[in-house]
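Below you'll find the structure, written out as structure tokens, and then a few comments.
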Amino acid sequence: MGKGRRQLNDDFAKLLKKLRLAKGYSLQQLADRSNVTPSYLNRLERGERKTPTFSVLQHIAEGLDVDVNVLLGLDAKDINEPLSLEELFFTNEIEFGGKQLTADQKEVLLDIIQEALETEVTSVELLMDALKKIGMLICELKES
């Protein structure tokens, strides 16, 4: 499999998992909602299966209550709706410093953004905890 195809599978896998977790669904819950087996969903999320057929994508999109275009990687102009950061990151190729970011790098960047936006800084201790988490994520990003 070529590098470009592998990147597409990784991006799809990360997007699918992020969308499922954002909805608060377990693999079994998404399977029940989409009529797709949990084991197949799990393999998709791990990037072990290629992008599914359009029919399966439709079922998964219905289970996630998103437009199928989101899973197809079409941008907001095409579906005329705002994108989540997950959709933006995993349905587009993103470059930094002349290098294309991998799906793993995109995932860590999303984790950094999430930590920064969701942390309620009500004390110096909470701020220090958040900065420690962000620092560890930055180290993870540098290693990937």
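FYI, nothing fancy with the structure tokens labels: chains A, B, ... in order, residues from 1 per chain, ligands from 1 as they appear.
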### DSSP-assigned strand (DSSP E) members of range 95-129 of chain A, reported as a ChimeraX atom specification
/A:95-96,99-100
Mind running range 4-44 of chain A against range 51-62 of chain A at 8 Å and telling me each contacting residue's nearest atom pair with the distance in Å (one decimal), counting only C-alpha atoms, chain and number ascending, as a Markdown table?
| residue | atom | partner | partner_atom | distance |
| --- | --- | --- | --- | --- |
| A:Asn9 | CA | A:Thr51 | CA | 6.4 |
| A:Phe12 | CA | A:Thr51 | CA | 7.1 |
| A:Leu30 | CA | A:Ile60 | CA | 7.6 |
| A:Arg33 | CA | A:Glu62 | CA | 7.6 |
| A:Ser34 | CA | A:His59 | CA | 4.9 |
| A:Asn35 | CA | A:His59 | CA | 6.8 |
| A:Val36 | CA | A:Ile60 | CA | 7.3 |
| A:Leu44 | CA | A:Thr51 | CA | 7.4 |
Output file for the residues above (all heavy atoms, as a compact mmCIF listing (two decimals), in the first residue's frame):
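Result went into result_34.txt, see below:
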# COMPACT_ATOMS: atom_id res chain seq x y z
N ASN A 9 -6.17 5.99 5.18
CA ASN A 9 -6.72 5.03 6.12
C ASN A 9 -6.53 5.49 7.55
O ASN A 9 -7.43 5.37 8.38
CB ASN A 9 -6.09 3.64 5.93
CG ASN A 9 -6.62 2.93 4.71
OD1 ASN A 9 -7.63 3.31 4.13
ND2 ASN A 9 -5.93 1.88 4.31
N PHE A 12 -8.92 8.42 8.23
CA PHE A 12 -10.29 7.92 8.38
C PHE A 12 -10.45 7.23 9.72
O PHE A 12 -11.44 7.43 10.43
CB PHE A 12 -10.66 6.96 7.24
CG PHE A 12 -12.03 6.37 7.41
CD1 PHE A 12 -13.16 7.12 7.10
CD2 PHE A 12 -12.19 5.09 7.91
CE1 PHE A 12 -14.43 6.58 7.29
CE2 PHE A 12 -13.45 4.54 8.10
CZ PHE A 12 -14.57 5.30 7.79
N LEU A 30 -22.37 2.10 18.85
CA LEU A 30 -22.34 2.53 17.45
C LEU A 30 -22.74 1.38 16.55
O LEU A 30 -23.45 1.58 15.57
CB LEU A 30 -20.95 3.07 17.06
CG LEU A 30 -20.82 3.51 15.60
CD1 LEU A 30 -21.87 4.58 15.24
CD2 LEU A 30 -19.42 4.04 15.32
N ARG A 33 -26.43 1.19 16.54
CA ARG A 33 -27.04 2.31 15.83
C ARG A 33 -26.81 2.25 14.33
O ARG A 33 -27.60 2.78 13.56
CB ARG A 33 -26.49 3.64 16.37
CG ARG A 33 -26.87 3.94 17.81
CD ARG A 33 -26.24 5.24 18.29
NE ARG A 33 -26.55 6.36 17.43
CZ ARG A 33 -27.64 7.12 17.53
NH1 ARG A 33 -28.54 6.85 18.45
NH2 ARG A 33 -27.83 8.13 16.70
N SER A 34 -25.71 1.61 13.91
CA SER A 34 -25.35 1.63 12.49
C SER A 34 -25.54 0.30 11.78
O SER A 34 -25.40 0.23 10.56
CB SER A 34 -23.88 2.06 12.34
OG SER A 34 -23.02 1.10 12.93
N ASN A 35 -25.82 -0.74 12.54
CA ASN A 35 -25.98 -2.08 11.97
C ASN A 35 -24.68 -2.56 11.30
O ASN A 35 -24.69 -3.21 10.26
CB ASN A 35 -27.15 -2.14 10.99
CG ASN A 35 -27.70 -3.54 10.84
OD1 ASN A 35 -27.54 -4.37 11.73
ND2 ASN A 35 -28.33 -3.82 9.72
N VAL A 36 -23.55 -2.18 11.91
CA VAL A 36 -22.23 -2.62 11.49
C VAL A 36 -21.61 -3.29 12.71
O VAL A 36 -21.72 -2.78 13.81
CB VAL A 36 -21.36 -1.41 11.03
CG1 VAL A 36 -19.95 -1.84 10.68
CG2 VAL A 36 -22.01 -0.70 9.84
N LEU A 44 -11.75 -0.79 11.66
CA LEU A 44 -11.71 0.48 10.93
C LEU A 44 -11.00 1.55 11.76
O LEU A 44 -10.16 2.30 11.25
CB LEU A 44 -13.13 0.96 10.59
CG LEU A 44 -13.85 0.24 9.47
CD1 LEU A 44 -15.30 0.70 9.40
CD2 LEU A 44 -13.16 0.46 8.14
### Message
Please report the interatomic distance between CA of Leu117 in chain A and CA of Arg20 in chain A in Å with one decimal.
### Response
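Spanning CA of Leu117 in chain A to CA of Arg20 in chain A is a straight-line distance of 20.0 Å.
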### Query
Quick one: of A:Ile138, A:Ser123, A:Lys132, A:Leu15, who's nearest to Leu71 in chain A, counting only C-alpha atoms?
A:Leu15
### Message
Set the distance at 9 Å and use only C-alpha atoms: which residues neighbour Ala31 in chain A once local chain neighbours fewer than 4 positions away are removed? I'd like the list as a ChimeraX atom specification.
### Response
/A:26-27,35-41,60,63
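Put simply, CA of Val70 in chain A is 6.8 Å away from CA of Glu87 in chain A.
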#### Entry: Atomic distance CA of Ile134 in chain A - CA of Glu115 in chain A, expressed in Å with one decimal
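Interatomic distance, CA of Ile134 in chain A to CA of Glu115 in chain A: 6.9 Å.
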### Task
Could you give me, as a ChimeraX atom specification, each residue of range 4-119 of chain A that DSSP assigns to alpha helix (DSSP H) when run on this structure's backbone?
/A:4-23,27-34,38-45,54-64,68-72,76-79,85-90,103-118
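Between Ile113 in chain A and the candidates A:Gln100, A:Leu85, A:Asp129, A:Glu48, the tightest atom-to-atom separation, counting only C-alpha atoms, involves A:Leu85.
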